[in-house]
$ cat input.cif   # mmCIF, C-alpha atoms
data_input
loop_
_atom_site.group_PDB
_atom_site.id
_atom_site.type_symbol
_atom_site.label_atom_id
_atom_site.label_comp_id
_atom_site.auth_asym_id
_atom_site.auth_seq_id
_atom_site.Cartn_x
_atom_site.Cartn_y
_atom_site.Cartn_z
ATOM 1 C CA MET A 1 -27.420 -16.784 23.552
ATOM 2 C CA PRO A 2 -30.003 -14.569 21.827
ATOM 3 C CA LEU A 3 -30.980 -15.580 18.317
ATOM 4 C CA ALA A 4 -28.985 -13.402 15.928
ATOM 5 C CA MET A 5 -29.221 -15.073 12.541
ATOM 6 C CA ASN A 6 -26.835 -13.887 9.858
ATOM 7 C CA ARG A 7 -28.766 -12.536 6.865
ATOM 8 C CA ASP A 8 -25.753 -11.923 4.601
ATOM 9 C CA VAL A 9 -23.680 -15.096 4.427
ATOM 10 C CA PHE A 10 -20.488 -15.976 2.632
ATOM 11 C CA ILE A 11 -19.424 -19.531 1.886
ATOM 12 C CA THR A 12 -15.866 -20.804 2.143
ATOM 13 C CA CYS A 13 -14.994 -24.005 0.290
ATOM 14 C CA ALA A 14 -12.108 -26.003 1.803
ATOM 15 C CA VAL A 15 -10.997 -27.670 -1.385
ATOM 16 C CA THR A 16 -8.675 -30.550 -0.504
ATOM 17 C CA GLY A 17 -7.027 -30.462 2.949
ATOM 18 C CA ALA A 18 -3.994 -32.465 4.047
ATOM 19 C CA GLY A 19 -5.606 -35.671 5.297
ATOM 20 C CA ASP A 20 -5.541 -39.159 3.813
ATOM 21 C CA THR A 21 -8.781 -38.698 1.897
ATOM 22 C CA THR A 22 -7.584 -39.291 -1.650
ATOM 23 C CA SER A 23 -7.864 -43.066 -1.204
ATOM 24 C CA ARG A 24 -11.515 -42.722 -0.149
ATOM 25 C CA SER A 25 -12.835 -40.499 -2.907
ATOM 26 C CA GLY A 26 -11.785 -39.930 -6.473
ATOM 27 C CA HIS A 27 -13.230 -36.401 -6.261
ATOM 28 C CA VAL A 28 -10.503 -35.142 -3.901
ATOM 29 C CA PRO A 29 -8.199 -32.994 -6.052
ATOM 30 C CA ILE A 30 -4.454 -33.709 -5.954
ATOM 31 C CA THR A 31 -2.535 -31.863 -8.680
ATOM 32 C CA PRO A 32 -2.402 -28.043 -8.808
ATOM 33 C CA LYS A 33 -4.629 -28.065 -11.896
ATOM 34 C CA GLN A 34 -7.180 -30.330 -10.201
ATOM 35 C CA ILE A 35 -7.140 -28.195 -7.036
ATOM 36 C CA ALA A 36 -7.548 -24.960 -8.989
ATOM 37 C CA ASP A 37 -10.268 -26.398 -11.238
ATOM 38 C CA SER A 38 -12.190 -27.679 -8.220
ATOM 39 C CA ALA A 39 -11.832 -24.302 -6.497
ATOM 40 C CA ILE A 40 -13.110 -22.521 -9.601
ATOM 41 C CA ASP A 41 -16.086 -24.889 -9.851
ATOM 42 C CA ALA A 42 -16.848 -24.194 -6.174
ATOM 43 C CA ALA A 43 -16.749 -20.443 -6.864
ATOM 44 C CA LYS A 44 -19.162 -20.868 -9.766
ATOM 45 C CA ALA A 45 -21.466 -22.805 -7.420
ATOM 46 C CA GLY A 46 -21.540 -19.933 -4.917
ATOM 47 C CA ALA A 47 -18.387 -19.987 -2.783
ATOM 48 C CA ALA A 48 -16.945 -16.499 -2.200
ATOM 49 C CA VAL A 49 -13.751 -17.893 -0.620
ATOM 50 C CA VAL A 50 -11.664 -20.943 -1.490
ATOM 51 C CA HIS A 51 -9.324 -22.380 1.136
ATOM 52 C CA CYS A 52 -6.478 -24.346 -0.433
ATOM 53 C CA HIS A 53 -3.828 -26.828 0.633
ATOM 54 C CA VAL A 54 -1.509 -28.465 -1.886
ATOM 55 C CA ARG A 55 -0.531 -32.106 -2.335
ATOM 56 C CA ASP A 56 2.379 -33.947 -3.917
ATOM 57 C CA PRO A 57 1.131 -34.553 -7.475
ATOM 58 C CA GLU A 58 2.702 -38.025 -7.549
ATOM 59 C CA THR A 59 1.649 -39.408 -4.157
ATOM 60 C CA GLY A 60 -1.278 -37.243 -3.071
ATOM 61 C CA ALA A 61 0.419 -36.634 0.294
ATOM 62 C CA ALA A 62 0.249 -33.223 1.963
ATOM 63 C CA SER A 63 2.955 -30.833 0.787
ATOM 64 C CA ARG A 64 4.430 -27.417 1.622
ATOM 65 C CA ARG A 65 6.105 -26.871 -1.771
ATOM 66 C CA ASN A 66 5.988 -23.233 -2.817
ATOM 67 C CA ASP A 67 5.945 -24.059 -6.522
ATOM 68 C CA LEU A 68 2.704 -25.990 -6.066
ATOM 69 C CA TYR A 69 1.104 -23.079 -4.203
ATOM 70 C CA ARG A 70 2.318 -20.728 -6.920
ATOM 71 C CA GLU A 71 0.670 -22.805 -9.656
ATOM 72 C CA VAL A 72 -2.616 -23.101 -7.769
ATOM 73 C CA THR A 73 -2.608 -19.354 -7.090
ATOM 74 C CA ASP A 74 -1.880 -18.414 -10.703
ATOM 75 C CA ARG A 75 -4.529 -20.761 -12.074
ATOM 76 C CA ILE A 76 -7.237 -19.446 -9.723
ATOM 77 C CA ARG A 77 -6.329 -15.813 -10.366
ATOM 78 C CA SER A 78 -6.464 -16.314 -14.128
ATOM 79 C CA ALA A 79 -9.909 -17.944 -14.006
ATOM 80 C CA ASP A 80 -12.999 -16.436 -15.586
ATOM 81 C CA ILE A 81 -14.675 -16.037 -12.180
ATOM 82 C CA ASP A 82 -13.695 -13.956 -9.164
ATOM 83 C CA VAL A 83 -13.058 -15.595 -5.780
ATOM 84 C CA VAL A 84 -11.186 -14.728 -2.575
ATOM 85 C CA LEU A 85 -8.062 -16.869 -2.166
ATOM 86 C CA ASN A 86 -7.289 -18.332 1.266
ATOM 87 C CA LEU A 87 -4.107 -20.432 1.566
ATOM 88 C CA THR A 88 -3.370 -22.649 4.545
ATOM 89 C CA ALA A 89 -0.391 -21.866 6.755
ATOM 90 C CA GLY A 90 -1.100 -24.771 9.073
ATOM 91 C CA MET A 91 1.593 -27.081 7.753
ATOM 92 C CA GLY A 92 4.973 -27.436 9.453
ATOM 93 C CA GLY A 93 3.789 -28.031 13.011
ATOM 94 C CA ASP A 94 3.323 -31.807 12.988
ATOM 95 C CA LEU A 95 4.801 -33.967 15.763
ATOM 96 C CA ILE A 96 4.471 -37.755 15.620
ATOM 97 C CA PHE A 97 5.765 -39.347 18.796
ATOM 98 C CA GLY A 98 7.212 -42.836 19.156
ATOM 99 C CA ASP A 99 5.356 -45.505 21.104
ATOM 100 C CA VAL A 100 3.913 -44.967 24.583
ATOM 101 C CA GLU A 101 6.973 -46.403 26.326
ATOM 102 C CA SER A 102 9.528 -44.587 24.150
ATOM 103 C CA PRO A 103 8.001 -41.334 22.923
ATOM 104 C CA LEU A 104 11.434 -40.130 21.828
ATOM 105 C CA PRO A 105 12.936 -40.115 19.307
ATOM 106 C CA LEU A 106 10.083 -38.751 17.241
ATOM 107 C CA ASN A 107 8.700 -40.860 14.423
ATOM 108 C CA PRO A 108 10.221 -39.354 11.258
ATOM 109 C CA LYS A 109 7.281 -40.598 9.197
ATOM 110 C CA GLY A 110 4.822 -37.739 9.413
ATOM 111 C CA THR A 111 6.820 -35.431 11.678
ATOM 112 C CA ASP A 112 7.235 -32.084 9.938
ATOM 113 C CA MET A 113 8.464 -29.128 11.986
ATOM 114 C CA ALA A 114 9.457 -25.829 10.374
ATOM 115 C CA GLY A 115 10.251 -22.325 11.557
ATOM 116 C CA ALA A 116 7.883 -19.377 11.306
ATOM 117 C CA SER A 117 9.471 -17.905 8.164
ATOM 118 C CA GLU A 118 9.386 -21.247 6.363
ATOM 119 C CA ARG A 119 5.781 -21.884 7.377
ATOM 120 C CA VAL A 120 4.657 -18.632 5.755
ATOM 121 C CA SER A 121 7.114 -18.555 2.836
ATOM 122 C CA HIS A 122 4.410 -19.502 0.324
ATOM 123 C CA VAL A 123 2.200 -16.747 1.761
ATOM 124 C CA ALA A 124 4.984 -14.225 1.220
ATOM 125 C CA GLU A 125 5.442 -15.453 -2.353
ATOM 126 C CA CYS A 126 1.789 -15.765 -3.406
ATOM 127 C CA LEU A 127 0.230 -13.006 -1.239
ATOM 128 C CA PRO A 128 -3.258 -14.481 -0.930
ATOM 129 C CA GLU A 129 -5.975 -12.289 0.525
ATOM 130 C CA ILE A 130 -6.360 -14.616 3.528
ATOM 131 C CA CYS A 131 -4.205 -17.312 5.129
ATOM 132 C CA THR A 132 -5.006 -19.536 8.073
ATOM 133 C CA LEU A 133 -3.417 -19.505 11.525
ATOM 134 C CA ASP A 134 -4.193 -22.576 13.677
ATOM 135 C CA CYS A 135 -4.317 -20.830 17.022
ATOM 136 C CA GLY A 136 -3.161 -23.553 19.426
ATOM 137 C CA THR A 137 -1.680 -26.969 20.120
ATOM 138 C CA MET A 138 -3.822 -30.090 20.494
ATOM 139 C CA ASN A 139 -3.895 -33.863 20.305
ATOM 140 C CA PHE A 140 -5.184 -34.342 16.781
ATOM 141 C CA SER A 141 -7.269 -37.312 15.728
ATOM 142 C CA LEU A 142 -5.830 -40.805 16.128
ATOM 143 C CA GLY A 143 -2.431 -42.189 17.094
ATOM 144 C CA ASP A 144 0.372 -40.081 18.542
ATOM 145 C CA TYR A 145 0.017 -36.957 16.378
ATOM 146 C CA VAL A 146 0.162 -33.571 18.077
ATOM 147 C CA MET A 147 -0.634 -30.393 16.120
ATOM 148 C CA THR A 148 1.971 -28.023 17.522
ATOM 149 C CA ASN A 149 1.598 -24.250 17.553
ATOM 150 C CA THR A 150 3.366 -22.610 20.509
ATOM 151 C CA PRO A 151 2.551 -19.063 21.676
ATOM 152 C CA GLY A 152 5.935 -17.861 20.413
ATOM 153 C CA MET A 153 5.429 -19.484 17.002
ATOM 154 C CA LEU A 154 1.916 -18.054 16.691
ATOM 155 C CA ARG A 155 3.052 -14.561 17.599
ATOM 156 C CA ALA A 156 5.834 -14.709 15.006
ATOM 157 C CA MET A 157 3.576 -16.090 12.260
ATOM 158 C CA ALA A 158 0.777 -13.625 13.026
ATOM 159 C CA LYS A 159 3.186 -10.691 12.796
ATOM 160 C CA LYS A 160 4.582 -11.910 9.480
ATOM 161 C CA MET A 161 1.078 -12.324 8.023
ATOM 162 C CA THR A 162 -0.009 -8.882 9.194
ATOM 163 C CA ASP A 163 3.182 -7.255 7.921
ATOM 164 C CA LEU A 164 2.556 -8.856 4.514
ATOM 165 C CA GLY A 165 -0.919 -7.356 4.375
ATOM 166 C CA VAL A 166 -2.555 -10.802 4.401
ATOM 167 C CA ARG A 167 -5.596 -11.257 6.655
ATOM 168 C CA PRO A 168 -5.112 -14.176 9.083
ATOM 169 C CA GLU A 169 -8.087 -16.477 9.459
ATOM 170 C CA ILE A 170 -7.802 -17.776 13.000
ATOM 171 C CA GLU A 171 -8.683 -21.466 13.063
ATOM 172 C CA ALA A 172 -9.993 -22.199 16.559
ATOM 173 C CA PHE A 173 -10.397 -25.843 17.558
ATOM 174 C CA ASP A 174 -11.279 -25.116 21.195
ATOM 175 C CA THR A 175 -12.124 -22.218 23.522
ATOM 176 C CA GLY A 176 -8.489 -21.772 24.569
ATOM 177 C CA HIS A 177 -7.604 -21.011 20.959
ATOM 178 C CA LEU A 178 -10.133 -18.176 20.995
ATOM 179 C CA TRP A 179 -8.625 -16.939 24.249
ATOM 180 C CA PHE A 180 -5.207 -16.739 22.609
ATOM 181 C CA ALA A 181 -6.656 -15.070 19.501
ATOM 182 C CA LYS A 182 -7.953 -12.300 21.767
ATOM 183 C CA GLN A 183 -4.430 -11.985 23.159
ATOM 184 C CA LEU A 184 -2.970 -11.653 19.654
ATOM 185 C CA ALA A 185 -5.498 -8.908 18.924
ATOM 186 C CA GLU A 186 -4.733 -7.155 22.214
ATOM 187 C CA GLU A 187 -1.026 -7.174 21.344
ATOM 188 C CA GLY A 188 -1.741 -5.749 17.891
ATOM 189 C CA LEU A 189 -0.407 -8.828 16.087
ATOM 190 C CA ILE A 190 -3.700 -9.342 14.270
ATOM 191 C CA GLU A 191 -5.790 -6.393 13.145
ATOM 192 C CA ASP A 192 -9.465 -5.607 12.821
ATOM 193 C CA PRO A 193 -11.607 -6.909 11.290
ATOM 194 C CA VAL A 194 -10.625 -10.225 12.913
ATOM 195 C CA LEU A 195 -11.726 -13.368 11.059
ATOM 196 C CA ILE A 196 -12.341 -16.624 12.945
ATOM 197 C CA GLN A 197 -13.054 -20.147 11.706
ATOM 198 C CA LEU A 198 -14.695 -22.350 14.364
ATOM 199 C CA CYS A 199 -13.485 -25.888 13.675
ATOM 200 C CA MET A 200 -15.952 -28.251 15.350
ATOM 201 C CA GLY A 201 -15.906 -32.002 15.849
ATOM 202 C CA ILE A 202 -12.205 -32.626 15.189
ATOM 203 C CA PRO A 203 -10.822 -35.151 17.672
ATOM 204 C CA TRP A 204 -9.723 -34.022 20.243
ATOM 205 C CA GLY A 205 -10.806 -30.405 20.112
ATOM 206 C CA ALA A 206 -14.261 -28.958 20.667
ATOM 207 C CA PRO A 207 -17.018 -31.517 19.965
ATOM 208 C CA ASP A 208 -19.724 -30.396 17.573
ATOM 209 C CA ASP A 209 -22.731 -30.706 19.878
ATOM 210 C CA LEU A 210 -24.816 -27.535 20.061
ATOM 211 C CA ASN A 211 -23.955 -26.729 23.691
ATOM 212 C CA THR A 212 -20.252 -26.639 22.861
ATOM 213 C CA PHE A 213 -20.870 -24.747 19.633
ATOM 214 C CA VAL A 214 -22.831 -22.070 21.492
ATOM 215 C CA ALA A 215 -19.974 -21.802 24.002
ATOM 216 C CA MET A 216 -17.532 -21.268 21.142
ATOM 217 C CA VAL A 217 -19.787 -18.646 19.520
ATOM 218 C CA ASN A 218 -20.228 -16.847 22.840
ATOM 219 C CA ASN A 219 -16.438 -16.563 23.135
ATOM 220 C CA VAL A 220 -16.171 -14.732 19.790
ATOM 221 C CA PRO A 221 -16.208 -10.935 20.313
ATOM 222 C CA SER A 222 -19.262 -9.349 18.726
ATOM 223 C CA SER A 223 -17.153 -7.178 16.407
ATOM 224 C CA TRP A 224 -15.372 -10.194 14.877
ATOM 225 C CA THR A 225 -16.533 -12.185 11.842
ATOM 226 C CA PHE A 226 -16.782 -15.952 12.172
ATOM 227 C CA SER A 227 -17.514 -19.011 10.100
ATOM 228 C CA ALA A 228 -18.059 -22.528 11.346
ATOM 229 C CA PHE A 229 -18.010 -26.108 10.139
ATOM 230 C CA SER A 230 -18.016 -29.672 11.367
ATOM 231 C CA ILE A 231 -16.554 -32.782 9.801
ATOM 232 C CA GLY A 232 -18.057 -36.069 8.677
ATOM 233 C CA ARG A 233 -21.764 -36.759 8.917
ATOM 234 C CA ASN A 234 -22.594 -33.556 10.829
ATOM 235 C CA ALA A 235 -20.925 -31.377 8.189
ATOM 236 C CA LEU A 236 -24.150 -31.239 6.169
ATOM 237 C CA ALA A 237 -26.097 -29.844 9.149
ATOM 238 C CA TYR A 238 -23.587 -27.199 10.183
ATOM 239 C CA PRO A 239 -24.425 -24.587 7.523
ATOM 240 C CA ALA A 240 -27.810 -24.158 9.202
ATOM 241 C CA ALA A 241 -26.281 -24.050 12.691
ATOM 242 C CA ALA A 242 -23.622 -21.525 11.653
ATOM 243 C CA VAL A 243 -26.107 -19.141 9.991
ATOM 244 C CA LEU A 244 -28.593 -19.383 12.862
ATOM 245 C CA ALA A 245 -25.793 -18.523 15.319
ATOM 246 C CA GLY A 246 -24.860 -15.419 13.327
ATOM 247 C CA GLY A 247 -21.942 -16.820 11.362
ATOM 248 C CA ASN A 248 -20.838 -17.790 7.894
ATOM 249 C CA VAL A 249 -20.428 -21.217 6.330
ATOM 250 C CA ARG A 250 -17.579 -23.532 5.382
ATOM 251 C CA VAL A 251 -18.007 -26.725 3.392
ATOM 252 C CA GLY A 252 -15.692 -28.780 1.202
ATOM 253 C CA LEU A 253 -13.847 -32.042 0.717
ATOM 254 C CA GLU A 254 -11.271 -31.179 3.380
ATOM 255 C CA ASP A 255 -14.045 -31.673 5.930
ATOM 256 C CA ASN A 256 -16.534 -34.109 4.410
ATOM 257 C CA LEU A 257 -16.575 -36.403 1.384
ATOM 258 C CA TYR A 258 -20.320 -37.049 1.101
ATOM 259 C CA ALA A 259 -23.406 -35.249 -0.191
ATOM 260 C CA GLY A 260 -25.620 -37.874 1.457
ATOM 261 C CA LYS A 261 -25.438 -41.445 2.665
ATOM 262 C CA GLY A 262 -23.178 -43.343 0.265
ATOM 263 C CA MET A 263 -23.084 -40.392 -2.168
ATOM 264 C CA LEU A 264 -19.544 -39.133 -2.772
ATOM 265 C CA ALA A 265 -19.576 -35.403 -3.506
ATOM 266 C CA THR A 266 -17.582 -32.840 -5.429
ATOM 267 C CA ASN A 267 -16.709 -29.494 -3.892
ATOM 268 C CA ALA A 268 -19.219 -27.767 -6.154
ATOM 269 C CA GLN A 269 -21.998 -30.119 -5.018
ATOM 270 C CA LEU A 270 -21.247 -29.391 -1.347
ATOM 271 C CA VAL A 271 -21.365 -25.656 -2.054
ATOM 272 C CA GLU A 272 -24.657 -26.069 -3.914
ATOM 273 C CA LYS A 273 -26.167 -27.912 -0.945
ATOM 274 C CA ALA A 274 -25.013 -25.111 1.378
ATOM 275 C CA VAL A 275 -26.535 -22.480 -0.926
ATOM 276 C CA THR A 276 -29.859 -24.322 -0.805
ATOM 277 C CA VAL A 277 -29.804 -24.427 3.006
ATOM 278 C CA ILE A 278 -28.800 -20.776 3.415
ATOM 279 C CA GLU A 279 -31.324 -19.412 0.940
ATOM 280 C CA GLY A 280 -33.986 -21.713 2.356
ATOM 281 C CA MET A 281 -33.436 -20.020 5.729
ATOM 282 C CA GLY A 282 -34.154 -16.629 4.173
ATOM 283 C CA ALA A 283 -30.544 -15.419 4.081
ATOM 284 C CA ARG A 284 -28.613 -13.950 1.143
ATOM 285 C CA ILE A 285 -25.390 -15.376 -0.311
ATOM 286 C CA ILE A 286 -22.767 -12.645 -0.684
ATOM 287 C CA GLY A 287 -19.939 -12.770 -3.196
ATOM 288 C CA PRO A 288 -16.213 -12.045 -3.160
ATOM 289 C CA GLU A 289 -16.468 -8.265 -3.572
ATOM 290 C CA ASP A 290 -18.779 -7.975 -0.563
ATOM 291 C CA VAL A 291 -16.429 -10.213 1.429
ATOM 292 C CA ARG A 292 -13.481 -7.965 0.529
ATOM 293 C CA LYS A 293 -15.369 -4.908 1.743
ATOM 294 C CA LYS A 294 -16.466 -6.634 4.932
ATOM 295 C CA LEU A 295 -12.995 -7.937 5.815
ATOM 296 C CA LYS A 296 -10.932 -5.095 4.268
ATOM 297 C CA LEU A 297 -9.056 -7.468 1.984
ATOM 298 C CA THR A 298 -6.532 -6.521 -0.668
ATOM 299 C CA LYS A 299 -7.278 -8.131 -4.024
ATOM 300 C CA ARG A 300 -4.162 -9.092 -5.971
#
$ encode --input "input.cif" --output "C-alpha cells"
Amino acid sequence: MPLAMNRDVFITCAVTGAGDTTSRSGHVPITPKQIADSAIDAAKAGAAVVHCHVRDPETGAASRRNDLYREVTDRIRSADIDVVLNLTAGMGGDLIFGDVESPLPLNPKGTDMAGASERVSHVAECLPEICTLDCGTMNFSLGDYVMTNTPGMLRAMAKKMTDLGVRPEIEAFDTGHLWFAKQLAEEGLIEDPVLIQLCMGIPWGAPDDLNTFVAMVNNVPSSWTFSAFSIGRNALAYPAAAVLAGGNVRVGLEDNLYAGKGMLATNAQLVEKAVTVIEGMGARIIGPEDVRKKLKLTKR
C-alpha cells in the first residue's frame, strides 16, 4: 500500500456504547443528559462527529427507547457548539444461544431481535445526519453472543436509511463486511459518498495488527471515506495508524476507557489526545461544516 496520509482529518467520538462499561468507569455517561453533555464536551475538544447509543437511565443497560434518543438529540442540537450527530442503528440484532449441548431455546437474557422498521424507528424520528449500519454477522466477544445482521435485513435497513436522507456509516468488522458494503452500493441501496468505519480488534472480527489493518484499508474503494479505531490498549495508537493510512479517527469511551495506564479518561480527554497526535503528524483537524460538505450531509 503506498503511503497516502490524510492531511484533513475529522474525529468521531463514540460517546458511550452498549457494553458493560459503566461498572468499570464512572466517566461512562448513562442518562440522556450525561450522554449529551459528554458529547458536547467532546465537540468542544475537537470532535466533528459524535456517535451515540442510549442506556436505561436506571440500570445503565443498553436501550433502544426512542424517547431516550429524542432527548439526547434535542440536547445536542440545542447546544452552544455545532457537531454532526451520528446515532447507532446496531441494536436489535443480538442472539444469545443456550449452552453448547442445547443451543435452543435462546437465552432470553440479552437476546434482542427486532425487525428492520423497529431497528431504525429512532432514526426516522430523530433524523440524525448519520446512522450506523453494522454490515455483517459475527461471533462477538465472549460467551454465546452472535451479532446478527442478515443480507436481507441489511438491505432493508440500508434502503430505509437512504430513503430518510440519513447517511449510513457502514461499520465493517471484517473484510467480508466491506465486500457486502460494495454490494449495497452496487445495488443503489447506499449512495455516494460512502462512509466506512473500520472496527479493528473486536473479538472475533478483524484483529488490529497492521497487516490486517492494511488489508482492510486496501479493500475500501478509493472514492469512499473511512475512519478507523481499535479497542482497549491499542485504541490510543490507532489515531496515528488511521491518519497514516489515509483515514479519519474515532476515539471514545465506547471503545476504550483509559487515557494511559491506570488513568480513566473522559470522552473529551480522549479527543484531546487524538488532536495532539493528528496535529503532531502535520495534519489539520476539520470541523462539522467541512464534514457536511465532504459527506453531503443534511444538517437538521
$ resolve_selection --input "input.cif" --expression "the PyMOL selection byres ((chain A and resi 240-250) around 8)" --output "list in words"
Leu3, Ala4, Met5, Asn6, Arg7, Val9, Phe10, Ile11, Thr12, Cys13, Ala14, Val214, Val217, Thr225, Phe226, Ser227, Ala228, Phe229, Ala237, Tyr238, Pro239, Val251, Gly252, Ala274, Val277, Ile278 and Met281 of chain A
$ resolve_selection --input "input.cif" --expression "the PyMOL selection byres ((chain A and resi 137-152) around 10)" --output "MDAnalysis selection string"
chainID A and resid 90:100 103 106:107 110:111 113 116 133:136 153:158 173:174 176:177 180 184 202:205
$ residues_near_point --input "input.cif" --point "(-14.4, -20.9, -11.0)" --cutoff "9 Å" --atoms "all atoms listed in the file" --output "number ranges by chain"
A: 36-45, 76, 79-83
$ closest_residue --input "input.cif" --among "A:His122, A:Lys296, A:Lys261, A:His51" --to "A:Val84" --atoms "all atoms listed in the file"
A:His51
$ residues_near_point --input "input.cif" --point "(-2.8, -11.3, 5.1)" --cutoff "8 Å" --atoms "all atoms listed in the file" --output "PDB file with C-alpha atoms, keeping the file's coordinate frame"
ATOM      1  CA  LEU A 127       0.230 -13.006  -1.239  1.00  0.00           C
ATOM      2  CA  PRO A 128      -3.258 -14.481  -0.930  1.00  0.00           C
ATOM      3  CA  GLU A 129      -5.975 -12.289   0.525  1.00  0.00           C
ATOM      4  CA  ILE A 130      -6.360 -14.616   3.528  1.00  0.00           C
ATOM      5  CA  CYS A 131      -4.205 -17.312   5.129  1.00  0.00           C
ATOM      6  CA  MET A 161       1.078 -12.324   8.023  1.00  0.00           C
ATOM      7  CA  THR A 162      -0.009  -8.882   9.194  1.00  0.00           C
ATOM      8  CA  ASP A 163       3.182  -7.255   7.921  1.00  0.00           C
ATOM      9  CA  LEU A 164       2.556  -8.856   4.514  1.00  0.00           C
ATOM     10  CA  GLY A 165      -0.919  -7.356   4.375  1.00  0.00           C
ATOM     11  CA  VAL A 166      -2.555 -10.802   4.401  1.00  0.00           C
ATOM     12  CA  ARG A 167      -5.596 -11.257   6.655  1.00  0.00           C
ATOM     13  CA  PRO A 168      -5.112 -14.176   9.083  1.00  0.00           C
ATOM     14  CA  LEU A 297      -9.056  -7.468   1.984  1.00  0.00           C
TER      15      LEU A 297
END
$ atom_distance --input "input.cif" --atom1 "atom CA of A:Val271" --atom2 "atom CA of A:Leu253"
10.2 Å
$ closest_residue --input "input.cif" --among "A:Thr212, A:Ser223, A:Ser121, A:Thr22" --to "A:Tyr69" --atoms "all atoms listed in the file"
A:Ser121
$ atom_distance --input "input.cif" --atom1 "atom CA of A:Gln34" --atom2 "atom CA of A:Arg292"
25.6 Å
$ axis_aligned_box --input "input.cif" --around "stretch 135-152 of chain A" --padding-each-side "4 Å" --output "AutoDock Vina command-line options"
--center_x -0.7 --center_y -30.0 --center_z 18.7 --size_x 21.2 --size_y 32.3 --size_z 13.9
$ resolve_selection --input "input.cif" --expression "the PyMOL selection byres ((chain A and resi 224) around 9)" --output "list in words"
Asp192, Pro193, Val194, Leu195, Ile196, Val220, Pro221, Ser222, Ser223, Thr225 and Phe226 of chain A
$ atom_distance --input "input.cif" --atom1 "atom CA of A:Ile231" --atom2 "atom CA of A:Asp255"
4.7 Å
$ closest_residue --input "input.cif" --among "A:Arg119, A:Val54, A:Leu236, A:Leu104" --to "A:Thr276" --atoms "all atoms listed in the file"
A:Leu236
$ closest_residue --input "input.cif" --among "A:Val120, A:Lys109, A:Ser23, A:Gly280" --to "A:Arg65" --atoms "only C-alpha atoms"
A:Val120
$ closest_residue --input "input.cif" --among "A:Ala283, A:Gly60, A:Asn219, A:Glu187" --to "A:Arg24" --atoms "all atoms listed in the file"
A:Gly60
$ build_atoms --input "input.cif" --residues "stretch 100-111 of chain A" --atoms "N, CA, C and O atoms" --output "mmCIF file, keeping the file's coordinate frame"
data_model
loop_
_atom_site.group_PDB
_atom_site.id
_atom_site.type_symbol
_atom_site.label_atom_id
_atom_site.label_comp_id
_atom_site.auth_asym_id
_atom_site.auth_seq_id
_atom_site.Cartn_x
_atom_site.Cartn_y
_atom_site.Cartn_z
ATOM 1 N N VAL A 100 4.245 -45.514 23.269
ATOM 2 C CA VAL A 100 3.913 -44.967 24.583
ATOM 3 C C VAL A 100 5.008 -45.194 25.617
ATOM 4 O O VAL A 100 5.083 -44.474 26.612
ATOM 5 N N GLU A 101 5.864 -46.172 25.408
ATOM 6 C CA GLU A 101 6.973 -46.403 26.326
ATOM 7 C C GLU A 101 8.219 -45.629 25.925
ATOM 8 O O GLU A 101 9.059 -45.300 26.767
ATOM 9 N N SER A 102 8.357 -45.322 24.647
ATOM 10 C CA SER A 102 9.528 -44.587 24.150
ATOM 11 C C SER A 102 9.051 -43.485 23.203
ATOM 12 O O SER A 102 9.158 -43.600 21.983
ATOM 13 N N PRO A 103 8.527 -42.394 23.782
ATOM 14 C CA PRO A 103 8.001 -41.334 22.923
ATOM 15 C C PRO A 103 9.078 -40.627 22.092
ATOM 16 O O PRO A 103 8.777 -40.070 21.042
ATOM 17 N N LEU A 104 10.304 -40.675 22.581
ATOM 18 C CA LEU A 104 11.434 -40.130 21.828
ATOM 19 C C LEU A 104 12.390 -41.255 21.469
ATOM 20 O O LEU A 104 12.559 -42.188 22.245
ATOM 21 N N PRO A 105 13.009 -41.199 20.286
ATOM 22 C CA PRO A 105 12.936 -40.115 19.307
ATOM 23 C C PRO A 105 11.593 -40.071 18.604
ATOM 24 O O PRO A 105 10.844 -41.044 18.593
ATOM 25 N N LEU A 106 11.312 -38.914 17.991
ATOM 26 C CA LEU A 106 10.083 -38.751 17.241
ATOM 27 C C LEU A 106 10.062 -39.681 16.035
ATOM 28 O O LEU A 106 11.105 -40.063 15.511
ATOM 29 N N ASN A 107 8.865 -40.050 15.627
ATOM 30 C CA ASN A 107 8.700 -40.860 14.423
ATOM 31 C C ASN A 107 8.921 -39.959 13.195
ATOM 32 O O ASN A 107 8.164 -38.998 12.985
ATOM 33 N N PRO A 108 9.960 -40.233 12.407
ATOM 34 C CA PRO A 108 10.221 -39.354 11.258
ATOM 35 C C PRO A 108 9.135 -39.412 10.199
ATOM 36 O O PRO A 108 8.995 -38.477 9.405
ATOM 37 N N LYS A 109 8.357 -40.484 10.173
ATOM 38 C CA LYS A 109 7.281 -40.598 9.197
ATOM 39 C C LYS A 109 6.091 -39.758 9.670
ATOM 40 O O LYS A 109 5.385 -40.112 10.610
ATOM 41 N N GLY A 110 5.927 -38.626 9.061
ATOM 42 C CA GLY A 110 4.822 -37.739 9.413
ATOM 43 C C GLY A 110 5.231 -36.527 10.209
ATOM 44 O O GLY A 110 4.523 -35.519 10.203
ATOM 45 N N THR A 111 6.346 -36.603 10.946
ATOM 46 C CA THR A 111 6.820 -35.431 11.678
ATOM 47 C C THR A 111 7.327 -34.392 10.686
ATOM 48 O O THR A 111 8.126 -34.692 9.807
#
